[in-house]
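Novice: Supplied structure: start-v7.txt, compact mmCIF, C-alpha atoms (C1' of nucleotides) and all ligand atoms.
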# COMPACT_ATOMS: atom_id res chain seq x y z
CA MET F 104 0.15 -32.08 -16.16
CA ASP F 105 2.52 -32.78 -13.31
CA GLN F 106 4.08 -30.21 -11.08
CA THR F 107 7.43 -30.20 -12.81
CA THR F 108 5.84 -29.50 -16.16
CA ARG F 109 3.68 -26.83 -14.64
CA ILE F 110 6.77 -25.02 -13.40
CA VAL F 111 8.63 -25.33 -16.67
CA ARG F 112 5.54 -24.06 -18.42
CA ALA F 113 5.47 -21.05 -16.12
CA PHE F 114 8.95 -20.10 -17.32
CA GLU F 115 7.95 -20.50 -20.95
CA ASP F 116 4.69 -18.62 -20.62
CA ALA F 117 6.53 -15.69 -19.13
CA GLY F 118 8.91 -15.65 -22.06
CA TYR F 119 11.96 -17.18 -20.40
CA GLN F 120 14.09 -19.86 -21.99
CA THR F 121 13.81 -23.50 -21.07
CA THR F 122 17.25 -24.66 -20.04
CA PRO F 123 18.62 -27.79 -18.39
CA SER F 124 19.24 -25.89 -15.17
CA ARG F 125 15.71 -24.62 -15.03
CA ARG F 126 14.30 -28.05 -15.80
CA LEU F 127 16.41 -29.52 -13.02
CA LEU F 128 15.29 -26.87 -10.58
CA ALA F 129 11.68 -27.37 -11.59
CA GLU F 130 12.05 -31.04 -10.70
CA LEU F 131 13.70 -30.30 -7.42
CA VAL F 132 11.08 -27.76 -6.45
CA ALA F 133 8.25 -30.03 -7.52
CA GLY F 134 9.80 -32.88 -5.56
CA SER F 135 9.95 -30.91 -2.34
CA ARG F 136 7.77 -32.13 0.45
CA GLY F 137 7.82 -29.13 2.72
CA HIS F 138 9.47 -25.78 2.38
CA PHE F 139 13.00 -25.58 1.05
CA SER F 140 15.83 -23.13 0.86
CA ALA F 141 18.28 -22.32 -1.88
CA ALA F 142 20.86 -24.36 0.01
CA ASP F 143 18.50 -27.36 0.10
CA LEU F 144 18.12 -27.27 -3.65
CA LEU F 145 21.85 -26.98 -4.10
CA ASP F 146 22.40 -30.04 -1.90
CA ARG F 147 19.88 -32.09 -3.74
CA ALA F 148 21.32 -31.05 -7.06
CA ARG F 149 24.79 -32.10 -5.90
CA GLN F 150 23.44 -35.45 -4.73
CA ARG F 151 22.28 -36.06 -8.26
CA ARG F 152 25.75 -35.13 -9.46
CA ALA F 153 24.10 -32.33 -11.39
CA LYS F 154 26.23 -29.32 -12.16
CA VAL F 155 24.40 -26.13 -11.26
CA GLY F 156 25.79 -22.91 -9.89
CA ARG F 157 24.64 -21.33 -6.68
CA ALA F 158 23.82 -18.10 -8.45
CA THR F 159 21.58 -19.93 -10.89
CA ILE F 160 19.51 -21.30 -8.06
CA PHE F 161 19.04 -17.89 -6.53
CA ARG F 162 18.17 -16.48 -9.93
CA ALA F 163 15.61 -19.19 -10.61
CA LEU F 164 13.99 -18.79 -7.20
CA GLU F 165 13.79 -15.07 -7.73
CA LEU F 166 12.06 -15.62 -11.05
CA LEU F 167 9.69 -18.23 -9.72
CA THR F 168 8.81 -15.91 -6.90
CA SER F 169 8.00 -13.10 -9.28
CA LEU F 170 5.84 -15.54 -11.26
CA HIS F 171 4.13 -16.56 -8.02
CA VAL F 172 5.06 -20.17 -8.56
CA VAL F 173 6.79 -20.22 -5.22
CA GLU F 174 6.54 -17.88 -2.29
CA ARG F 175 9.28 -16.84 0.05
CA LEU F 176 8.63 -17.34 3.75
CA ASP F 177 10.27 -15.68 6.72
CA LEU F 178 10.42 -18.45 9.26
CA PRO F 179 10.17 -17.73 12.98
CA ASN F 180 13.76 -18.93 13.45
CA ARG F 181 14.94 -16.07 11.24
CA SER F 182 15.80 -18.21 8.25
CA HIS F 183 14.14 -18.09 4.86
CA ALA F 184 12.49 -20.74 2.82
CA TYR F 185 10.28 -21.15 -0.20
CA VAL F 186 7.08 -23.10 -0.69
CA MET F 187 5.20 -23.96 -3.81
CA CYS F 188 2.24 -21.82 -4.28
CA ASP F 189 -1.01 -21.42 -6.14
CA PRO F 190 -0.17 -18.66 -8.61
CA ASP F 191 -3.75 -17.70 -9.25
CA GLU F 192 -4.93 -15.69 -6.31
CA HIS F 193 -3.76 -13.83 -3.26
CA HIS F 194 -3.48 -16.11 -0.27
CA HIS F 195 -1.35 -16.95 2.72
CA HIS F 196 0.44 -19.97 4.10
CA LEU F 197 -0.07 -22.26 7.01
CA VAL F 198 3.26 -23.96 7.59
CA CYS F 199 4.13 -26.97 9.71
CA SER F 200 6.89 -26.01 12.11
CA ARG F 201 8.10 -29.58 12.15
CA CYS F 202 8.09 -30.86 8.56
CA GLY F 203 7.60 -27.63 6.65
CA ARG F 204 4.61 -28.83 4.69
CA SER F 205 2.43 -25.89 3.82
CA VAL F 206 -1.21 -25.31 3.06
CA ASP F 207 -2.53 -22.38 1.07
CA VAL F 208 -5.07 -20.36 2.98
CA ALA F 209 -7.51 -18.09 1.22
CA ASP F 210 -7.53 -14.51 2.34
CA GLY F 211 -11.24 -14.61 3.07
CA GLU F 212 -12.36 -12.37 5.88
CA LEU F 213 -8.86 -11.10 6.37
CA ALA F 214 -9.20 -8.67 3.49
CA ARG F 215 -12.06 -6.94 5.26
CA LEU F 216 -10.18 -6.92 8.55
CA VAL F 217 -7.06 -5.44 6.94
CA ASP F 218 -9.13 -2.83 5.27
CA GLU F 219 -10.76 -1.82 8.49
CA ILE F 220 -7.43 -1.60 10.32
CA GLY F 221 -6.13 0.71 7.63
CA ARG F 222 -9.16 2.94 7.80
CA ARG F 223 -9.10 3.12 11.58
CA ASN F 224 -5.49 4.29 11.57
CA GLY F 225 -5.60 6.50 8.54
CA TYR F 226 -3.09 4.37 6.64
CA ARG F 227 -3.49 3.53 3.00
CA ILE F 228 -2.56 -0.12 3.15
CA GLU F 229 -0.47 -1.42 0.28
CA THR F 230 0.40 -4.98 1.21
CA HIS F 231 -0.01 -7.35 4.06
CA ARG F 232 1.51 -10.61 5.07
CA LEU F 233 0.01 -13.32 7.25
CA GLU F 234 2.03 -16.37 8.17
CA LEU F 235 0.70 -19.16 10.34
CA PHE F 236 2.89 -21.76 11.99
CA GLY F 237 1.84 -24.92 13.72
CA ILE F 238 1.92 -28.69 13.71
CA CYS F 239 0.35 -30.39 10.72
CA PRO F 240 -1.98 -33.37 11.07
CA LEU F 241 0.68 -35.76 9.77
CA CYS F 242 3.21 -34.63 12.32
CA ALA F 243 0.65 -34.58 15.11
CA GLY F 244 0.05 -38.19 14.13
CA THR F 245 -3.42 -38.38 15.59
CA GLY F 246 -6.61 -39.72 14.04
CA ALA F 247 -7.12 -36.18 12.79
CA ALA F 248 -4.31 -36.79 10.33
CA ALA F 249 -6.12 -39.56 8.52
CA ALA F 250 -9.37 -37.63 8.46
CA VAL F 251 -7.91 -34.49 6.95
CA ALA F 252 -5.64 -36.43 4.60
CA ALA F 253 -8.64 -38.33 3.26
CA ASP F 254 -10.42 -35.03 2.70
CA ARG F 255 -7.57 -33.89 0.55
CA GLY F 256 -6.89 -37.09 -1.35
CA GLY F 257 -4.07 -38.34 0.82
CA PRO F 258 -0.59 -37.14 1.72
CA ALA F 259 1.31 -35.17 -0.92
CA MET V 101 8.27 7.93 32.92
CA ASP V 102 9.81 8.56 29.55
CA GLN V 103 10.51 5.93 26.94
CA THR V 104 14.22 5.71 27.68
CA THR V 105 13.59 5.04 31.33
CA ARG V 106 10.93 2.52 30.48
CA ILE V 107 13.43 0.56 28.42
CA VAL V 108 16.16 0.72 31.04
CA ARG V 109 13.59 -0.41 33.57
CA ALA V 110 12.71 -3.36 31.38
CA PHE V 111 16.32 -4.54 31.58
CA GLU V 112 16.38 -4.16 35.35
CA ASP V 113 13.05 -5.83 35.92
CA ALA V 114 14.21 -8.83 33.96
CA GLY V 115 17.30 -9.07 36.13
CA TYR V 116 19.86 -7.71 33.69
CA GLN V 117 22.52 -5.20 34.63
CA THR V 118 22.22 -1.53 33.82
CA THR V 119 25.30 -0.55 31.87
CA PRO V 120 26.34 2.54 29.94
CA SER V 121 25.95 0.68 26.66
CA ARG V 122 22.45 -0.39 27.48
CA ARG V 123 21.51 3.10 28.63
CA LEU V 124 22.84 4.49 25.38
CA LEU V 125 20.94 1.96 23.33
CA ALA V 126 17.78 2.64 25.32
CA GLU V 127 18.13 6.31 24.37
CA LEU V 128 18.74 5.54 20.74
CA VAL V 129 15.81 3.17 20.54
CA ALA V 130 13.53 5.57 22.36
CA GLY V 131 14.62 8.36 20.06
CA SER V 132 13.77 6.45 16.92
CA ARG V 133 10.99 7.85 14.82
CA GLY V 134 10.23 4.91 12.63
CA HIS V 135 11.70 1.47 12.49
CA PHE V 136 15.42 1.02 12.77
CA SER V 137 18.06 -1.60 12.16
CA ALA V 138 21.12 -2.61 14.10
CA ALA V 139 23.18 -0.67 11.58
CA ASP V 140 21.08 2.46 12.16
CA LEU V 141 21.75 2.33 15.87
CA LEU V 142 25.44 1.83 15.25
CA ASP V 143 25.52 4.89 13.00
CA ARG V 144 23.72 7.06 15.47
CA ALA V 145 25.99 5.87 18.26
CA ARG V 146 29.04 6.75 16.18
CA GLN V 147 27.61 10.19 15.45
CA ARG V 148 27.53 10.80 19.18
CA ARG V 149 31.13 9.67 19.35
CA ALA V 150 29.93 6.91 21.64
CA LYS V 151 32.01 3.79 21.79
CA VAL V 152 29.84 0.73 21.43
CA GLY V 153 30.58 -2.55 19.73
CA ARG V 154 28.52 -3.99 16.97
CA ALA V 155 28.03 -7.22 18.85
CA THR V 156 26.66 -5.33 21.85
CA ILE V 157 23.97 -3.79 19.70
CA PHE V 158 22.89 -7.14 18.35
CA ARG V 159 22.91 -8.56 21.85
CA ALA V 160 20.80 -5.72 23.23
CA LEU V 161 18.29 -5.96 20.41
CA GLU V 162 18.03 -9.67 20.96
CA LEU V 163 17.33 -9.10 24.63
CA LEU V 164 14.85 -6.32 24.04
CA THR V 165 13.08 -8.54 21.56
CA SER V 166 12.81 -11.35 24.06
CA LEU V 167 11.43 -8.83 26.58
CA HIS V 168 8.94 -7.65 23.96
CA VAL V 169 10.19 -4.10 24.22
CA VAL V 170 10.93 -4.10 20.53
CA GLU V 171 9.74 -6.37 17.79
CA ARG V 172 11.63 -7.52 14.78
CA LEU V 173 10.00 -6.92 11.42
CA ASP V 174 10.65 -8.62 8.11
CA LEU V 175 10.25 -5.83 5.62
CA PRO V 176 8.91 -6.49 2.14
CA ASN V 177 12.29 -5.51 0.66
CA ARG V 178 13.88 -8.47 2.47
CA SER V 179 15.67 -6.42 5.07
CA HIS V 180 15.02 -6.47 8.78
CA ALA V 181 14.17 -3.76 11.22
CA TYR V 182 12.92 -3.28 14.73
CA VAL V 183 10.11 -1.16 16.12
CA MET V 184 9.22 -0.25 19.64
CA CYS V 185 6.39 -2.22 20.92
CA ASP V 186 3.78 -2.42 23.65
CA PRO V 187 5.13 -5.29 25.75
CA ASP V 188 1.82 -6.02 27.41
CA GLU V 189 -0.25 -7.91 24.94
CA HIS V 190 -0.08 -9.81 21.71
CA HIS V 191 -0.54 -7.53 18.73
CA HIS V 192 0.73 -6.76 15.26
CA HIS V 193 2.22 -3.83 13.41
CA LEU V 194 1.04 -1.49 10.75
CA VAL V 195 4.16 0.03 9.25
CA CYS V 196 4.56 3.02 6.97
CA SER V 197 6.47 1.96 3.89
CA ARG V 198 7.83 5.45 3.50
CA CYS V 199 8.89 6.69 6.95
CA GLY V 200 8.80 3.47 8.92
CA ARG V 201 6.54 4.79 11.65
CA SER V 202 4.55 1.96 13.09
CA VAL V 203 1.24 1.58 14.86
CA ASP V 204 0.37 -1.29 17.14
CA VAL V 205 -2.71 -3.15 16.03
CA ALA V 206 -4.69 -5.31 18.42
CA ASP V 207 -5.22 -8.87 17.36
CA GLY V 208 -8.97 -8.53 17.67
CA GLU V 209 -10.97 -10.71 15.33
CA LEU V 210 -7.81 -12.16 13.90
CA ALA V 211 -7.46 -14.58 16.78
CA ARG V 212 -10.78 -16.14 15.90
CA LEU V 213 -9.90 -16.25 12.22
CA VAL V 214 -6.54 -17.88 12.89
CA ASP V 215 -8.19 -20.40 15.13
CA GLU V 216 -10.70 -21.31 12.49
CA ILE V 217 -8.05 -21.69 9.81
CA GLY V 218 -6.16 -24.06 12.05
CA ARG V 219 -9.22 -26.14 12.77
CA ARG V 220 -10.24 -26.31 9.14
CA ASN V 221 -6.84 -27.67 8.13
CA GLY V 222 -6.21 -29.87 11.11
CA TYR V 223 -3.15 -27.90 12.21
CA ARG V 224 -2.46 -27.07 15.82
CA ILE V 225 -1.43 -23.47 15.36
CA GLU V 226 1.44 -22.30 17.50
CA THR V 227 2.20 -18.80 16.32
CA HIS V 228 1.13 -16.39 13.66
CA ARG V 229 2.47 -13.21 12.23
CA LEU V 230 0.57 -10.42 10.54
CA GLU V 231 2.40 -7.47 9.07
CA LEU V 232 0.67 -4.59 7.36
CA PHE V 233 2.44 -2.08 5.15
CA GLY V 234 1.12 1.15 3.77
CA ILE V 235 1.41 4.91 3.77
CA CYS V 236 0.83 6.67 7.07
CA PRO V 237 -1.32 9.78 7.38
CA LEU V 238 1.72 11.99 7.88
CA CYS V 239 3.37 10.75 4.70
CA ALA V 240 0.12 10.89 2.76
CA GLY V 241 0.04 14.51 3.85
CA THR V 242 -3.69 14.91 3.45
CA GLY V 243 -6.23 16.38 5.83
CA ALA V 244 -6.56 12.87 7.18
CA ALA V 245 -3.15 13.33 8.74
CA ALA V 246 -4.23 16.15 11.00
CA ALA V 247 -7.41 14.37 11.98
CA VAL V 248 -5.75 11.14 13.00
CA ALA V 249 -2.80 12.93 14.60
CA ALA V 250 -5.19 14.92 16.77
CA ASP V 251 -6.92 11.69 17.77
CA ARG V 252 -3.65 10.34 19.03
CA GLY V 253 -2.25 13.44 20.64
CA GLY V 254 -0.05 14.50 17.75
CA PRO V 255 3.01 13.09 15.97
CA ALA V 256 5.42 11.07 18.08
C1' DC M 119 22.72 -24.18 -39.67
C1' DC M 120 23.83 -19.52 -37.72
C1' DC M 121 23.54 -16.08 -34.80
C1' DC M 122 22.80 -13.51 -30.66
C1' DG M 123 20.73 -12.18 -26.48
C1' DG M 124 19.55 -14.52 -22.67
C1' DA M 125 21.40 -17.92 -19.41
C1' DT M 126 25.09 -20.09 -16.93
C1' DG M 127 28.78 -21.27 -13.44
C1' DA M 128 32.98 -20.02 -11.09
C1' DG M 129 34.52 -17.21 -7.94
C1' DA M 130 35.01 -12.73 -5.80
C1' DC M 131 32.51 -9.80 -2.94
C1' DT M 132 29.17 -7.79 0.57
C1' DG M 133 26.93 -7.22 4.75
C1' DA M 134 24.17 -9.16 8.50
C1' DG M 135 24.66 -11.75 12.15
C1' DT M 136 27.49 -15.03 15.39
C1' DA M 137 31.35 -16.83 18.12
C1' DT M 138 35.35 -16.15 20.91
C1' DC M 139 37.91 -14.28 24.43
C1' DA M 140 40.54 -11.30 27.34
C1' DG M 141 39.55 -7.48 30.02
C1' DG M 142 36.04 -4.32 32.47
C1' DC M 143 32.71 -3.04 35.53
C1' DA M 144 27.86 -3.45 38.05
C1' DA M 145 26.20 -4.58 42.16
C1' DG M 146 25.76 -7.10 46.21
C1' DC M 147 28.40 -7.92 50.44
C1' DC M 148 31.10 -6.73 54.13
C1' DG U 74 34.27 2.74 50.88
C1' DG U 75 36.84 -1.62 49.16
C1' DC U 76 36.42 -6.73 47.49
C1' DT U 77 34.72 -10.25 44.67
C1' DT U 78 32.30 -12.50 41.30
C1' DG U 79 30.07 -13.19 37.38
C1' DC U 80 27.73 -10.64 33.91
C1' DC U 81 28.86 -7.53 30.18
C1' DT U 82 31.78 -5.48 26.80
C1' DG U 83 34.48 -4.34 22.45
C1' DA U 84 37.67 -6.11 19.15
C1' DT U 85 38.22 -9.33 15.96
C1' DA U 86 37.66 -13.34 13.37
C1' DC U 87 34.39 -15.91 11.28
C1' DT U 88 30.13 -17.81 8.83
C1' DC U 89 26.88 -17.84 5.46
C1' DA U 90 23.11 -16.08 2.50
C1' DG U 91 22.74 -13.53 -1.17
C1' DT U 92 24.76 -10.52 -5.01
C1' DC U 93 27.87 -9.20 -8.70
C1' DT U 94 30.98 -9.87 -12.55
C1' DC U 95 32.42 -11.77 -16.50
C1' DA U 96 33.91 -15.02 -19.85
C1' DT U 97 31.58 -18.68 -21.96
C1' DC U 98 27.61 -21.29 -23.48
C1' DC U 99 23.54 -22.45 -25.79
C1' DG U 100 18.25 -22.23 -26.81
C1' DG U 101 15.52 -21.13 -30.26
C1' DG U 102 13.96 -18.00 -33.89
C1' DG U 103 15.12 -17.00 -38.58
ZN ZN C 1 4.28 -31.52 9.61
ZN ZN C 2 -4.20 -11.52 2.51
ZN ZN C 3 4.99 7.58 7.03
ZN ZN C 4 -2.20 -12.02 16.34
Just dump the structure as structure tokens.
Specialist:
Amino acid sequence: MDQTTRIVRAFEDAGYQTTPSRRLLAELVAGSRGHFSAADLLDRARQRRAKVGRATIFRALELLTSLHVVERLDLPNRSHAYVMCDPDEHHHHLVCSRCGRSVDVADGELARLVDEIGRRNGYRIETHRLELFGICPLCAGTGAAAAVAADRGGPA
Amino acid sequence: MDQTTRIVRAFEDAGYQTTPSRRLLAELVAGSRGHFSAADLLDRARQRRAKVGRATIFRALELLTSLHVVERLDLPNRSHAYVMCDPDEHHHHLVCSRCGRSVDVADGELARLVDEIGRRNGYRIETHRLELFGICPLCAGTGAAAAVAADRGGPA
DNA sequence: CCCCGGATGAGACTGAGTATCAGGCAAGCC
DNA sequence: GGCTTGCCTGATACTCAGTCTCATCCGGGG
């Protein structure tokens, strides 16, 4: 099942209608290389001469976020963007500051660390957010790129 | 040296002028209990019948952020706020979701963890952000509150 | 095929943040 | 203390992401 279908399915499974707009947005999201903003999607939709309202894009992104199909990032430059996301378990994102490509990072030891910080300060911790920014192997363009890409089955 | 003076000093030390507006904002920031937004400061300034422009507040907060006197938070509810901040070393914030009071948290083991995540994925990590949200001892209102407060010399 | 509640798009609206610019004033210099 | 210069300021206009409204549309169950 390809990414687009997976996203459409997510809408269905959650009891939402399948509409042309949502199918289009699923394609656009699935076709994104790095992170993307609502405005990006709108541009790409317009390039395809597709008619979709701004509000619809925001609504779809909101839904997809609540379904954990995408996650909203707060970039260091103060803007926002979304990345596709493994819906199945809590994790964080390692984002390339150049191309926006993102890797899911398991919480791992962090959970323990967060827990301990809460205990030490007497806070009952409800949520936490970890965002990592750096240069991805592809953008660094070194031999490391090939090595890691091979590990993962090649560039997205 | 009290907090207000410390902030004014930060401006001076960085070579910026000391002006009535900046003194006022230093007071307002220093007098903040939890986190605060530009709009909060504007309100409190107006309450004092002080004349200060909106733009000036944004400019001051931008400066103070660059001087690491305050840090800008991205709250879970999508809004932004600032908290006062130890300017001396890299750290993160544990923020009360109810009252906004914030505790500085040393990076500690996180540095190692971040490093390892970068290595494992072939990214050269440039920056990271960790934000923790929960209920502070004071808001939880349990015996824990008194204990931790005593540890720290009482409520701010 | 019908119906209806969910979905849509156009466009108005909000509110945070930015840009501009003429005037003000801090601070170093004499 | 006055002078000068360049940083700083407030007012105002502006931008732009995101939200709201509402008349219309249409997916999909019956
Ligand atoms: Zn990259
Ligand atoms: Zn986590
Ligand atoms: Zn609290
Ligand atoms: Zn850190």
Novice: Go through M:DG146, M:DG127, M:DG133, M:DG141 and flag the residue nearest chain F, using all atoms listed in the file for the distances.
Specialist: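 Ranking M:DG146, M:DG127, M:DG133, M:DG141 by distance to chain F, first place goes to M:DG127.
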Novice: Have a look at F:Thr159, F:Thr230, F:Asn180, F:Thr107 and name the one nearest to chain V; count only C-alpha atoms.
Specialist: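 Using only C-alpha atoms, the shortest distance to chain V belongs to F:Thr230.
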Novice: If we count all atoms listed in the file, which residues of chain M reach to within 10 Å of chain V? Please list them as a list in words.
Specialist: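 On the chain M side, the interface is DA134, DG135, DT136, DC143, DA144 and DA145 of chain M.
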Novice: Extract, using all atoms listed in the file, all DNA, RNA and protein residues at most 12 Å from DC95 of chain U, discarding same-chain residues fewer than 6 positions from it, and format them as a list in words.
Specialist: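 After dropping sequence-adjacent residues, the list is DT126, DG127, DA128, DG129 and DA130 of chain M.
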Novice: Take the selection from the previous step and output its residues with C-alpha atoms (C1' of nucleotides), as a compact mmCIF listing (two decimals), in the frame of the given file.
Specialist:
# COMPACT_ATOMS: atom_id res chain seq x y z
C1' DT M 126 25.09 -20.09 -16.93
C1' DG M 127 28.78 -21.27 -13.44
C1' DA M 128 32.98 -20.02 -11.09
C1' DG M 129 34.52 -17.21 -7.94
C1' DA M 130 35.01 -12.73 -5.80
Novice: Kindly determine which residues of chain V lie within 8 Å of chain F, considering all atoms listed in the file, and give the answer as a PyMOL selection string.
Specialist: chain V and resi 174+196+203+205+209-210+213-214+217+221-237+244-245+248
Novice: Would you mind reading off the distance between atom CA of Ser169 of chain F and atom CA of Val155 of chain F, one decimal, in Å?
Specialist: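 Atom CA of Val155 of chain F lies at a distance of 21.0 Å from atom CA of Ser169 of chain F.
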Novice: Given a cut-off of 6 Å, what residues near ligand ZN 2 (chain C) show up using only C-alpha atoms (C1' of nucleotides) and all ligand atoms, put as a PyMOL selection string?
Specialist: chain F and resi 194+210+214
